[in-house]
>>> print(open('work_15.txt').read())   # compact mmCIF, C-alpha atoms
# COMPACT_ATOMS: atom_id res chain seq x y z
CA MET H 1 17.28 6.48 10.57
CA SER H 2 19.14 9.77 10.65
CA SER H 3 17.30 12.68 12.21
CA THR H 4 19.15 15.42 10.33
CA SER H 5 17.62 16.83 7.16
CA GLN H 6 18.74 15.42 3.85
CA LYS H 7 19.15 16.52 0.29
CA ALA H 8 18.61 14.60 -2.88
CA VAL H 9 19.58 15.52 -6.40
CA VAL H 10 17.54 14.08 -9.22
CA TYR H 11 18.98 13.96 -12.73
CA VAL H 12 16.47 13.60 -15.54
CA ARG H 13 17.49 12.92 -19.11
CA LEU H 14 15.97 11.65 -22.33
CA LYS H 15 16.28 7.90 -22.70
CA GLU H 16 18.90 6.44 -25.01
CA GLY H 17 17.60 6.44 -28.56
CA VAL H 18 15.15 9.29 -28.03
CA LEU H 19 16.04 12.18 -30.31
CA ASP H 20 17.23 15.27 -28.42
CA PRO H 21 16.78 18.24 -30.77
CA GLN H 22 18.29 20.66 -28.24
CA GLY H 23 21.40 18.55 -27.75
CA LEU H 24 21.75 18.18 -31.49
CA THR H 25 21.56 21.95 -32.01
CA ILE H 26 24.11 22.61 -29.26
CA GLN H 27 26.46 20.05 -30.78
CA LYS H 28 26.12 21.74 -34.19
CA ALA H 29 26.86 25.14 -32.64
CA LEU H 30 29.95 23.77 -30.89
CA SER H 31 31.14 22.27 -34.13
CA GLN H 32 30.69 25.61 -35.92
CA MET H 33 32.65 27.30 -33.12
CA GLY H 34 35.54 24.99 -33.87
CA TYR H 35 35.00 22.48 -31.07
CA LYS H 36 34.74 19.59 -33.45
CA GLU H 37 35.84 16.94 -30.96
CA PHE H 38 32.46 17.06 -29.18
CA THR H 39 30.61 14.69 -31.43
CA SER H 40 27.43 14.42 -29.42
CA VAL H 41 25.61 16.47 -26.79
CA ARG H 42 22.69 15.17 -24.74
CA THR H 43 20.75 17.59 -22.53
CA GLY H 44 18.91 16.98 -19.30
CA ARG H 45 18.00 18.74 -16.11
CA PHE H 46 18.45 18.30 -12.42
CA PHE H 47 16.39 19.00 -9.34
CA GLU H 48 17.62 19.65 -5.80
CA LEU H 49 15.24 18.40 -3.17
CA ASP H 50 15.48 19.35 0.50
CA ILE H 51 13.88 16.66 2.62
CA SER H 52 12.62 17.29 6.12
CA ALA H 53 14.26 15.31 8.91
CA ASN H 54 11.07 13.56 9.97
CA GLY H 55 10.31 12.11 6.55
CA THR H 56 10.00 8.33 6.33
CA ASN H 57 10.37 5.92 3.43
CA ILE H 58 12.38 8.64 1.74
CA ASP H 59 13.77 6.45 -1.04
CA ASP H 60 10.32 5.27 -2.03
CA ARG H 61 8.93 8.78 -1.82
CA ILE H 62 11.71 10.15 -4.04
CA ASN H 63 11.15 7.45 -6.64
CA GLU H 64 7.44 8.19 -6.51
CA VAL H 65 7.83 11.89 -7.30
CA CYS H 66 10.37 11.10 -10.01
CA ALA H 67 8.01 8.71 -11.77
CA LYS H 68 4.90 10.81 -11.20
CA LEU H 69 6.11 14.31 -11.92
CA LEU H 70 9.82 15.06 -12.35
CA ALA H 71 10.31 12.66 -15.24
CA ASN H 72 8.01 11.43 -17.97
CA PRO H 73 8.74 7.70 -18.01
CA VAL H 74 7.69 7.44 -21.65
CA ILE H 75 10.69 9.44 -22.83
CA GLU H 76 12.90 10.14 -19.83
CA SER H 77 14.98 8.24 -17.30
CA TYR H 78 16.15 9.55 -13.93
CA ARG H 79 18.90 8.99 -11.43
CA VAL H 80 18.83 9.95 -7.76
CA GLU H 81 21.83 11.00 -5.71
CA LYS H 82 21.31 11.38 -2.00
CA ILE H 83 23.52 13.81 -0.14
CA LYS H 84 24.19 13.13 3.55
CA MET I 1 -25.05 19.02 -26.32
CA LYS I 2 -23.27 20.72 -23.48
CA VAL I 3 -19.56 21.34 -23.80
CA GLY I 4 -17.23 22.09 -20.90
CA VAL I 5 -14.04 23.98 -21.73
CA VAL I 6 -11.34 23.82 -19.06
CA THR I 7 -9.44 26.99 -18.27
CA PHE I 8 -5.97 26.48 -16.79
CA PRO I 9 -3.69 29.36 -15.88
CA GLY I 10 -1.98 29.94 -19.24
CA SER I 11 -4.71 28.54 -21.46
CA ASN I 12 -5.14 30.67 -24.56
CA GLY I 13 -7.37 28.51 -26.73
CA ASP I 14 -10.25 28.29 -24.26
CA TYR I 15 -12.10 31.22 -25.83
CA ASP I 16 -11.61 29.78 -29.33
CA SER I 17 -13.28 26.53 -28.30
CA TYR I 18 -15.98 28.42 -26.41
CA ALA I 19 -16.76 30.64 -29.42
CA ALA I 20 -16.78 27.71 -31.83
CA VAL I 21 -19.38 25.89 -29.75
CA LYS I 22 -21.48 28.89 -28.78
CA HIS I 23 -21.46 31.12 -31.85
CA VAL I 24 -20.90 28.66 -34.68
CA MET I 25 -22.49 25.46 -33.39
CA HIS I 26 -25.11 27.31 -31.28
CA GLU I 27 -24.77 24.77 -28.51
CA LEU I 28 -24.39 25.08 -24.73
CA VAL I 29 -20.89 25.71 -23.45
CA GLU I 30 -19.39 26.53 -20.10
CA PHE I 31 -15.89 27.29 -18.83
CA LEU I 32 -14.58 24.88 -16.19
CA TRP I 33 -12.06 26.38 -13.78
CA HIS I 34 -8.95 24.28 -13.13
CA LYS I 35 -9.30 24.55 -9.36
CA SER I 36 -12.81 23.20 -9.37
CA ALA I 37 -13.60 19.50 -9.64
CA ASP I 38 -17.04 20.15 -11.12
CA LEU I 39 -17.65 19.25 -14.78
CA ALA I 40 -21.02 21.08 -14.64
CA GLY I 41 -22.91 18.28 -16.36
CA SER I 42 -20.86 18.49 -19.56
CA ASP I 43 -21.44 15.87 -22.26
CA VAL I 44 -17.96 16.48 -23.61
CA VAL I 45 -14.91 18.13 -22.07
CA ILE I 46 -12.35 20.10 -24.06
CA LEU I 47 -8.81 20.69 -22.80
CA PRO I 48 -7.82 23.76 -24.80
CA GLY I 49 -4.57 24.97 -26.30
CA GLY I 50 -2.17 27.27 -24.55
CA PHE I 51 0.66 27.04 -22.08
CA SER I 52 -0.93 25.68 -18.93
CA TYR I 53 1.13 26.54 -15.85
CA GLY I 54 3.64 28.19 -18.15
CA ASP I 55 4.58 24.79 -19.60
CA TYR I 56 6.93 24.55 -16.61
CA LEU I 57 8.76 21.23 -16.26
CA ARG I 58 7.18 19.76 -19.42
CA ALA I 59 4.17 20.87 -21.41
CA GLY I 60 1.08 19.60 -19.60
CA ALA I 61 3.03 18.04 -16.73
CA ILE I 62 1.68 20.27 -13.96
CA ALA I 63 -1.82 20.69 -15.37
CA ARG I 64 -2.49 16.97 -15.12
CA PHE I 65 -2.46 17.23 -11.32
CA SER I 66 -5.00 20.06 -11.08
CA PRO I 67 -8.32 19.31 -9.33
CA ILE I 68 -10.33 19.49 -12.56
CA MET I 69 -8.16 16.80 -14.14
CA GLU I 70 -9.08 14.27 -11.47
CA SER I 71 -12.69 14.71 -12.55
CA VAL I 72 -11.78 14.67 -16.24
CA ILE I 73 -9.84 11.41 -15.81
CA ARG I 74 -12.75 9.82 -13.95
CA PHE I 75 -15.16 11.10 -16.64
CA ALA I 76 -12.96 9.66 -19.40
CA LYS I 77 -12.60 6.31 -17.67
CA SER I 78 -16.37 6.01 -17.43
CA GLY I 79 -16.71 6.59 -21.17
CA GLY I 80 -17.19 10.38 -21.29
CA LEU I 81 -15.96 12.20 -24.39
CA VAL I 82 -12.75 14.17 -23.87
CA ILE I 83 -10.85 16.21 -26.45
CA GLY I 84 -7.43 17.79 -26.12
CA PHE I 85 -6.33 20.38 -28.64
CA CYS I 86 -2.60 21.19 -28.70
CA ASN I 87 -1.65 21.75 -25.03
CA GLY I 88 -4.71 19.66 -24.21
CA PHE I 89 -3.18 16.75 -26.16
CA GLN I 90 0.04 17.19 -24.17
CA ILE I 91 -1.94 17.04 -20.92
CA LEU I 92 -3.75 13.88 -22.06
CA THR I 93 -0.47 12.09 -22.76
CA GLU I 94 1.04 13.30 -19.48
CA CYS I 95 -1.89 11.91 -17.49
CA GLY I 96 -1.83 8.64 -19.38
CA LEU I 97 -5.26 8.88 -21.00
CA LEU I 98 -3.47 8.78 -24.35
CA PRO I 99 -0.29 6.84 -25.16
CA GLY I 100 3.04 8.42 -26.07
CA ALA I 101 4.57 11.83 -25.47
CA LEU I 102 4.91 15.15 -27.25
CA MET I 103 8.47 16.36 -27.54
CA ARG I 104 10.22 19.48 -28.76
CA ASN I 105 9.76 20.03 -32.52
CA THR I 106 12.74 18.63 -34.40
CA GLY I 107 13.58 22.04 -35.90
CA LEU I 108 13.36 23.56 -32.38
CA ARG I 109 11.13 26.26 -33.86
CA PHE I 110 7.69 27.17 -32.67
CA SER I 111 5.51 26.48 -35.66
CA GLY I 112 2.41 28.59 -36.32
CA GLN I 113 0.87 28.03 -39.73
CA PHE I 114 -1.91 26.33 -41.65
CA VAL I 115 -1.15 22.69 -42.37
CA HIS I 116 -2.92 19.91 -44.19
CA VAL I 117 -3.92 16.79 -42.34
CA ARG I 118 -5.57 13.65 -43.63
CA VAL I 119 -8.47 12.13 -41.72
CA GLU I 120 -7.30 8.56 -41.15
CA ASN I 121 -10.18 7.17 -39.14
CA THR I 122 -13.75 8.40 -39.49
CA ASN I 123 -15.14 5.78 -37.15
CA THR I 124 -14.72 7.91 -34.01
CA PRO I 125 -17.05 10.29 -32.15
CA PHE I 126 -14.72 13.13 -33.23
CA THR I 127 -14.41 12.46 -36.96
CA ASN I 128 -17.62 10.74 -38.09
CA SER I 129 -18.69 13.75 -40.20
CA TYR I 130 -15.54 13.68 -42.34
CA LYS I 131 -15.11 11.59 -45.44
CA SER I 132 -12.61 8.78 -45.24
CA ASN I 133 -9.11 10.01 -46.19
CA GLU I 134 -10.40 13.58 -46.54
CA THR I 135 -7.64 16.19 -46.57
CA ILE I 136 -8.39 19.24 -44.48
CA LYS I 137 -6.63 22.53 -43.81
CA ILE I 138 -6.35 23.64 -40.17
CA PRO I 139 -3.73 25.61 -38.24
CA ILE I 140 -1.02 24.47 -35.85
CA ALA I 141 0.66 26.62 -33.19
CA HIS I 142 3.14 24.74 -31.06
CA GLY I 143 6.77 24.24 -30.11
CA GLU I 144 6.30 20.78 -28.65
CA GLY I 145 4.17 18.76 -31.00
CA ASN I 146 6.62 16.07 -31.98
CA TYR I 147 4.65 12.90 -31.28
CA TYR I 148 6.88 10.17 -29.94
CA ASN I 149 6.31 6.63 -28.81
CA PHE I 150 8.29 3.41 -28.68
CA ASN I 151 8.38 1.41 -31.88
CA GLY I 152 6.21 -1.36 -30.48
CA ASP I 153 3.64 1.09 -29.18
CA VAL I 154 3.56 2.98 -32.47
CA LYS I 155 2.75 -0.32 -34.16
CA LYS I 156 -0.04 -0.93 -31.65
CA ILE I 157 -1.49 2.51 -32.36
CA GLU I 158 -1.24 2.02 -36.11
CA ASP I 159 -2.61 -1.53 -36.08
CA GLY I 160 -5.46 -0.49 -33.80
CA GLY I 161 -6.49 2.32 -36.15
CA LEU I 162 -5.95 4.84 -33.37
CA VAL I 163 -4.35 7.45 -35.61
CA VAL I 164 -7.10 9.89 -36.58
CA PHE I 165 -5.14 12.70 -38.23
CA ARG I 166 -1.84 12.65 -40.13
CA TYR I 167 0.15 15.57 -41.53
CA CYS I 168 0.12 15.50 -45.33
CA ASP I 169 0.58 17.76 -48.34
CA ALA I 170 -2.26 19.59 -50.09
CA ASN I 171 -2.98 16.47 -52.13
CA GLY I 172 -3.27 14.21 -49.12
CA LYS I 173 0.15 12.62 -49.61
CA ILE I 174 2.02 11.75 -46.41
CA THR I 175 5.48 13.22 -46.98
CA LYS I 176 8.49 14.13 -44.88
CA GLU I 177 8.19 17.76 -46.05
CA SER I 178 4.62 18.04 -44.82
CA ASN I 179 5.60 16.94 -41.31
CA PRO I 180 5.99 20.21 -39.36
CA ASN I 181 7.49 18.84 -36.15
CA GLY I 182 9.10 15.44 -36.65
CA SER I 183 6.17 13.38 -35.36
CA VAL I 184 6.62 9.66 -35.89
CA ASN I 185 4.65 8.52 -38.97
CA ASN I 186 3.37 12.12 -39.39
CA ILE I 187 0.93 11.53 -36.53
CA ALA I 188 -1.10 14.67 -35.75
CA GLY I 189 -3.90 13.20 -33.66
CA ILE I 190 -4.88 9.94 -31.97
CA VAL I 191 -7.70 8.36 -30.01
CA ASN I 192 -7.47 5.94 -27.10
CA GLN I 193 -8.27 2.27 -27.46
CA GLU I 194 -11.83 2.81 -26.21
CA GLY I 195 -12.34 5.63 -28.71
CA ASN I 196 -13.74 8.22 -26.29
CA VAL I 197 -10.60 10.35 -25.79
CA MET I 198 -8.92 12.24 -28.64
CA GLY I 199 -5.83 14.42 -28.67
CA MET I 200 -4.53 16.40 -31.63
CA MET I 201 -1.88 19.07 -32.08
CA PRO I 202 -3.67 21.09 -34.81
CA HIS I 203 -6.45 23.49 -33.91
CA PRO I 204 -9.81 22.66 -35.56
CA GLU I 205 -11.46 25.14 -33.17
CA ARG I 206 -9.52 27.91 -34.93
CA ALA I 207 -10.86 26.89 -38.33
CA VAL I 208 -14.62 26.95 -37.95
CA GLU I 209 -15.58 29.84 -40.26
CA LYS I 210 -14.38 30.78 -43.73
CA ILE I 211 -13.32 34.21 -42.45
CA LEU I 212 -10.72 32.45 -40.27
CA GLY I 213 -9.05 31.05 -43.37
CA SER I 214 -10.78 27.69 -43.21
CA ASP I 215 -13.85 26.05 -41.76
CA ASP I 216 -12.48 22.54 -42.14
CA GLY I 217 -12.30 22.13 -38.36
CA LEU I 218 -16.02 22.52 -37.81
CA LYS I 219 -16.74 18.88 -38.59
CA VAL I 220 -14.93 17.84 -35.40
CA PHE I 221 -17.67 19.63 -33.44
CA GLU I 222 -20.41 18.35 -35.76
CA SER I 223 -19.07 14.83 -35.32
CA VAL I 224 -19.25 15.11 -31.54
CA ARG I 225 -22.82 16.40 -31.74
CA ALA I 226 -23.81 13.52 -34.02
CA ALA I 227 -22.09 10.99 -31.74
CA LEU I 228 -23.82 12.35 -28.65
CA SER I 229 -27.26 12.27 -30.23
CA THR I 230 -26.69 8.67 -31.33
CA ARG I 231 -25.61 7.83 -27.80
CA SER I 232 -28.67 9.42 -26.22
CA ARG I 233 -31.01 7.73 -28.71
CA ARG I 234 -29.41 4.41 -27.81
CA ALA I 235 -29.72 5.21 -24.12
CA THR I 236 -33.39 6.03 -24.54
CA ALA I 237 -33.91 2.81 -26.42
CA GLY I 238 -32.20 1.02 -23.56
CA THR I 239 -29.49 -0.55 -25.69
CA ILE I 240 -26.51 1.20 -24.16
>>> encode(input="work_15.txt", output="structure tokens")
Amino acid sequence: MSSTSQKAVVYVRLKEGVLDPQGLTIQKALSQMGYKEFTSVRTGRFFELDISANGTNIDDRINEVCAKLLANPVIESYRVEKIK
Amino acid sequence: MKVGVVTFPGSNGDYDSYAAVKHVMHELVEFLWHKSADLAGSDVVILPGGFSYGDYLRAGAIARFSPIMESVIRFAKSGGLVIGFCNGFQILTECGLLPGALMRNTGLRFSGQFVHVRVENTNTPFTNSYKSNETIKIPIAHGEGNYYNFNGDVKKIEDGGLVVFRYCDANGKITKESNPNGSVNNIAGIVNQEGNVMGMMPHPERAVEKILGSDDGLKVFESVRAALSTRSRRATAGTI
């Protein structure tokens, strides 16, 4: 019930088991550069959301936009971190 | 027949589809603007290739929420014929009209070339003019055409006969080498369970005259015309 504005960070990544060609290519490049200890790289992206102070049901609303737009539930999973 | 071709910001295949219908098929065609919700009385709607909304976020992810798509989804759910070529296929999976997702090509490279695909199911409104197992040559042009779905869902698609096109070699053999993007089971195009929505990564609309290198794609349009005339005959006879 806080009246100050909030931030949320949403992390989206490919689900376990889904091939990540970009991660694979980055891992190969690292290996060629001599960084052989990094045996796997998985990529993803994050979103910073500013949320107005008068928003309600924020958790539900965040999950809604994650499932509807920010992530494609067929191939991606997401994690939300709320700040303040 | 009357064909509606949707233009999104970033579409680049809309004119190809338009020209195929108008100048090769000699049928009615109209562009449908993404901000409008009006399908202009179209019998079939085409979502063209390109990079709608810059492919921001994921290919097709933003386009699916445009006003025209609400109408297209309603149209599809009431049995209307909808086709997605390339980016259009990506939009159809993003909005859930077709199962699965299209991911980055396994080689990470944008692939623009002629490929061979085998017609796997001729019992659809989009492929009825092809011969069963016919091998055709049509172009691809995409960076994200790697069809993915969960194992169980792939089985459902395969068992249901929903795969309509599969990448193959010139002899119609399904091989790893003929798969340009890593798609599971070499899948190049699918229909929905109801059979009225089709998405495919290759571009039949860019192979409708010999001078383009191939006219193997024309039968997609001929199939739709045949399907629509059967439908309207049935409707007239009151059996629909």
>>> atom_distance(input="work_15.txt", atom1="CA of Arg79 in chain H", atom2="CA of Ala8 in chain H")
10.2 Å
>>> atom_distance(input="work_15.txt", atom1="CA of Gly217 in chain I", atom2="CA of Met25 in chain I")
11.8 Å
>>> closest_atom_pairs(input="work_15.txt", of="chain I", to="chain H", cutoff="10 Å", atoms="all atoms listed in the file", output="JSON lines")
{"residue": "I:Leu57", "atom": "CA", "partner": "H:Leu70", "partner_atom": "CA", "distance": 7.4}
{"residue": "I:Arg58", "atom": "CA", "partner": "H:Asn72", "partner_atom": "CA", "distance": 8.5}
{"residue": "I:Ala61", "atom": "CA", "partner": "H:Leu69", "partner_atom": "CA", "distance": 6.8}
{"residue": "I:Ile62", "atom": "CA", "partner": "H:Leu69", "partner_atom": "CA", "distance": 7.7}
{"residue": "I:Arg64", "atom": "CA", "partner": "H:Leu69", "partner_atom": "CA", "distance": 9.6}
{"residue": "I:Phe65", "atom": "CA", "partner": "H:Leu69", "partner_atom": "CA", "distance": 9.1}
{"residue": "I:Thr93", "atom": "CA", "partner": "H:Val74", "partner_atom": "CA", "distance": 9.5}
{"residue": "I:Glu94", "atom": "CA", "partner": "H:Asn72", "partner_atom": "CA", "distance": 7.4}
{"residue": "I:Cys95", "atom": "CA", "partner": "H:Lys68", "partner_atom": "CA", "distance": 9.3}
{"residue": "I:Gly96", "atom": "CA", "partner": "H:Val74", "partner_atom": "CA", "distance": 9.9}
{"residue": "I:Pro99", "atom": "CA", "partner": "H:Val74", "partner_atom": "CA", "distance": 8.7}
{"residue": "I:Gly100", "atom": "CA", "partner": "H:Val74", "partner_atom": "CA", "distance": 6.5}
{"residue": "I:Ala101", "atom": "CA", "partner": "H:Val74", "partner_atom": "CA", "distance": 6.6}
{"residue": "I:Leu102", "atom": "CA", "partner": "H:Ile75", "partner_atom": "CA", "distance": 9.2}
{"residue": "I:Met103", "atom": "CA", "partner": "H:Ile75", "partner_atom": "CA", "distance": 8.7}
{"residue": "I:Arg104", "atom": "CA", "partner": "H:Pro21", "partner_atom": "CA", "distance": 7.0}
{"residue": "I:Asn105", "atom": "CA", "partner": "H:Pro21", "partner_atom": "CA", "distance": 7.5}
{"residue": "I:Thr106", "atom": "CA", "partner": "H:Pro21", "partner_atom": "CA", "distance": 5.4}
{"residue": "I:Gly107", "atom": "CA", "partner": "H:Pro21", "partner_atom": "CA", "distance": 7.1}
{"residue": "I:Leu108", "atom": "CA", "partner": "H:Pro21", "partner_atom": "CA", "distance": 6.5}
{"residue": "I:Tyr148", "atom": "CA", "partner": "H:Ile75", "partner_atom": "CA", "distance": 8.1}
{"residue": "I:Asn149", "atom": "CA", "partner": "H:Val74", "partner_atom": "CA", "distance": 7.3}
{"residue": "I:Phe150", "atom": "CA", "partner": "H:Val74", "partner_atom": "CA", "distance": 8.1}
{"residue": "I:Gly182", "atom": "CA", "partner": "H:Leu19", "partner_atom": "CA", "distance": 9.9}
>>> write_last_selection(input="work_15.txt", atoms="C-alpha atoms", output="short mmCIF file (atom, residue, chain, number, x, y, z; two decimals), in the coordinates of the input")
data_model
loop_
_atom_site.label_atom_id
_atom_site.label_comp_id
_atom_site.auth_asym_id
_atom_site.auth_seq_id
_atom_site.Cartn_x
_atom_site.Cartn_y
_atom_site.Cartn_z
CA LEU I 57 8.76 21.23 -16.26
CA ARG I 58 7.18 19.76 -19.42
CA ALA I 61 3.03 18.04 -16.73
CA ILE I 62 1.68 20.27 -13.96
CA ARG I 64 -2.49 16.97 -15.12
CA PHE I 65 -2.46 17.23 -11.32
CA THR I 93 -0.47 12.09 -22.76
CA GLU I 94 1.04 13.30 -19.48
CA CYS I 95 -1.89 11.91 -17.49
CA GLY I 96 -1.83 8.64 -19.38
CA PRO I 99 -0.29 6.84 -25.16
CA GLY I 100 3.04 8.42 -26.07
CA ALA I 101 4.57 11.83 -25.47
CA LEU I 102 4.91 15.15 -27.25
CA MET I 103 8.47 16.36 -27.54
CA ARG I 104 10.22 19.48 -28.76
CA ASN I 105 9.76 20.03 -32.52
CA THR I 106 12.74 18.63 -34.40
CA GLY I 107 13.58 22.04 -35.90
CA LEU I 108 13.36 23.56 -32.38
CA TYR I 148 6.88 10.17 -29.94
CA ASN I 149 6.31 6.63 -28.81
CA PHE I 150 8.29 3.41 -28.68
CA GLY I 182 9.10 15.44 -36.65
#
>>> residues_near_point(input="work_15.txt", point="(17.7, 15.8, -19.0)", cutoff="6 Å", atoms="only C-alpha atoms", output="list in words")
Val12, Arg13, Leu14, Thr43, Gly44 and Arg45 of chain H
>>> write_last_selection(input="work_15.txt", atoms="C-alpha atoms", output="short mmCIF file (atom, residue, chain, number, x, y, z; two decimals), in the coordinates of the input")
data_model
loop_
_atom_site.label_atom_id
_atom_site.label_comp_id
_atom_site.auth_asym_id
_atom_site.auth_seq_id
_atom_site.Cartn_x
_atom_site.Cartn_y
_atom_site.Cartn_z
CA VAL H 12 16.47 13.60 -15.54
CA ARG H 13 17.49 12.92 -19.11
CA LEU H 14 15.97 11.65 -22.33
CA THR H 43 20.75 17.59 -22.53
CA GLY H 44 18.91 16.98 -19.30
CA ARG H 45 18.00 18.74 -16.11
#
>>> axis_aligned_box(input="work_15.txt", around="range 207-217 of chain I", padding_each_side="4 Å", output="AutoDock Vina command-line options")
--center_x -12.3 --center_y 28.2 --center_z -40.8 --size_x 14.5 --size_y 20.1 --size_z 13.8
>>> residues_around(input="work_15.txt", residues="Phe38 in chain H", least_positions_apart="2", cutoff="12 Å", atoms="only C-alpha atoms", output="tab-separated table (two decimals) with C-alpha atoms, keeping the file's coordinate frame")
chain	number	residue	atom	x	y	z
H	23	GLY	CA	21.40	18.55	-27.75
H	24	LEU	CA	21.75	18.18	-31.49
H	26	ILE	CA	24.11	22.61	-29.26
H	27	GLN	CA	26.46	20.05	-30.78
H	28	LYS	CA	26.12	21.74	-34.19
H	29	ALA	CA	26.86	25.14	-32.64
H	30	LEU	CA	29.95	23.77	-30.89
H	31	SER	CA	31.14	22.27	-34.13
H	32	GLN	CA	30.69	25.61	-35.92
H	33	MET	CA	32.65	27.30	-33.12
H	34	GLY	CA	35.54	24.99	-33.87
H	35	TYR	CA	35.00	22.48	-31.07
H	36	LYS	CA	34.74	19.59	-33.45
H	40	SER	CA	27.43	14.42	-29.42
H	41	VAL	CA	25.61	16.47	-26.79
H	42	ARG	CA	22.69	15.17	-24.74
>>> residues_around(input="work_15.txt", residues="Ala59 in chain I", least_positions_apart="4", cutoff="8 Å", atoms="only C-alpha atoms", output="MDAnalysis selection string")
chainID I and resid 51:52 55 87 90:91 144
>>> residues_around(input="work_15.txt", residues="Leu212 in chain I", least_positions_apart="6", cutoff="12 Å", atoms="only C-alpha atoms", output="compact mmCIF listing (two decimals) with C-alpha atoms, in the frame of the given file")
# COMPACT_ATOMS: atom_id res chain seq x y z
CA ASP I 16 -11.61 29.78 -29.33
CA ALA I 20 -16.78 27.71 -31.83
CA PHE I 114 -1.91 26.33 -41.65
CA LYS I 137 -6.63 22.53 -43.81
CA ILE I 138 -6.35 23.64 -40.17
CA PRO I 139 -3.73 25.61 -38.24
CA HIS I 203 -6.45 23.49 -33.91
CA PRO I 204 -9.81 22.66 -35.56
CA GLU I 205 -11.46 25.14 -33.17
CA ARG I 206 -9.52 27.91 -34.93
CA LEU I 218 -16.02 22.52 -37.81
>>> atom_distance(input="work_15.txt", atom1="CA of Val184 in chain I", atom2="CA of Leu98 in chain I")
15.4 Å
>>> closest_residue(input="work_15.txt", among="I:Ile136, I:Ala19, I:Val164, I:Val72", to="Val191 in chain I", atoms="all atoms listed in the file")
I:Val164
>>> closest_residue(input="work_15.txt", among="I:Val163, I:Val119, I:Ile174, I:Ile211", to="Lys131 in chain I", atoms="all atoms listed in the file")
I:Val119
>>> closest_residue(input="work_15.txt", among="I:Glu209, I:Glu120, I:Glu222, I:Asp215", to="His23 in chain I", atoms="all atoms listed in the file")
I:Glu209
>>> decode(input="work_15.txt", residues="range 109-153 of chain I", atoms="C-alpha atoms", output="PDB file, in the first residue's frame")
ATOM      1  CA  ARG I 109      22.685 -16.063 -40.378  1.00  0.00           C
ATOM      2  CA  PHE I 110      19.913 -14.370 -42.269  1.00  0.00           C
ATOM      3  CA  SER I 111      19.117 -16.803 -45.031  1.00  0.00           C
ATOM      4  CA  GLY I 112      17.935 -15.539 -48.428  1.00  0.00           C
ATOM      5  CA  GLN I 113      17.878 -18.208 -51.111  1.00  0.00           C
ATOM      6  CA  PHE I 114      15.707 -20.581 -53.090  1.00  0.00           C
ATOM      7  CA  VAL I 115      14.915 -23.749 -51.174  1.00  0.00           C
ATOM      8  CA  HIS I 116      12.978 -26.893 -51.913  1.00  0.00           C
ATOM      9  CA  VAL I 117       9.988 -27.808 -49.821  1.00  0.00           C
ATOM     10  CA  ARG I 118       7.771 -30.851 -49.985  1.00  0.00           C
ATOM     11  CA  VAL I 119       4.003 -30.454 -49.859  1.00  0.00           C
ATOM     12  CA  GLU I 120       3.027 -32.702 -46.957  1.00  0.00           C
ATOM     13  CA  ASN I 121      -0.699 -32.136 -46.821  1.00  0.00           C
ATOM     14  CA  THR I 122      -2.789 -31.270 -49.873  1.00  0.00           C
ATOM     15  CA  ASN I 123      -6.053 -31.453 -47.987  1.00  0.00           C
ATOM     16  CA  THR I 124      -6.034 -27.772 -46.969  1.00  0.00           C
ATOM     17  CA  PRO I 125      -7.525 -24.624 -48.530  1.00  0.00           C
ATOM     18  CA  PHE I 126      -3.936 -23.472 -49.194  1.00  0.00           C
ATOM     19  CA  THR I 127      -2.466 -26.554 -50.873  1.00  0.00           C
ATOM     20  CA  ASN I 128      -5.316 -28.371 -52.631  1.00  0.00           C
ATOM     21  CA  SER I 129      -3.885 -27.594 -56.099  1.00  0.00           C
ATOM     22  CA  TYR I 130      -0.563 -29.315 -55.391  1.00  0.00           C
ATOM     23  CA  LYS I 131       0.075 -32.993 -55.887  1.00  0.00           C
ATOM     24  CA  SER I 132       0.657 -35.032 -52.771  1.00  0.00           C
ATOM     25  CA  ASN I 133       4.361 -35.022 -51.812  1.00  0.00           C
ATOM     26  CA  GLU I 134       5.148 -32.615 -54.659  1.00  0.00           C
ATOM     27  CA  THR I 135       8.541 -30.933 -54.319  1.00  0.00           C
ATOM     28  CA  ILE I 136       8.497 -27.239 -55.115  1.00  0.00           C
ATOM     29  CA  LYS I 137      11.126 -24.518 -55.329  1.00  0.00           C
ATOM     30  CA  ILE I 138      10.360 -21.226 -53.571  1.00  0.00           C
ATOM     31  CA  PRO I 139      12.531 -18.632 -51.820  1.00  0.00           C
ATOM     32  CA  ILE I 140      13.142 -17.973 -48.140  1.00  0.00           C
ATOM     33  CA  ALA I 141      14.359 -14.685 -46.635  1.00  0.00           C
ATOM     34  CA  HIS I 142      14.556 -14.732 -42.864  1.00  0.00           C
ATOM     35  CA  GLY I 143      16.777 -14.660 -39.806  1.00  0.00           C
ATOM     36  CA  GLU I 144      14.205 -16.112 -37.437  1.00  0.00           C
ATOM     37  CA  GLY I 145      12.562 -19.059 -39.109  1.00  0.00           C
ATOM     38  CA  ASN I 146      13.644 -21.823 -36.797  1.00  0.00           C
ATOM     39  CA  TYR I 147      10.346 -23.497 -35.955  1.00  0.00           C
ATOM     40  CA  TYR I 148      10.272 -24.676 -32.371  1.00  0.00           C
ATOM     41  CA  ASN I 149       7.718 -26.409 -30.230  1.00  0.00           C
ATOM     42  CA  PHE I 150       7.721 -28.766 -27.275  1.00  0.00           C
ATOM     43  CA  ASN I 151       8.189 -32.425 -28.080  1.00  0.00           C
ATOM     44  CA  GLY I 152       4.626 -33.317 -27.160  1.00  0.00           C
ATOM     45  CA  ASP I 153       3.206 -30.490 -29.239  1.00  0.00           C
TER      46      ASP I 153
END
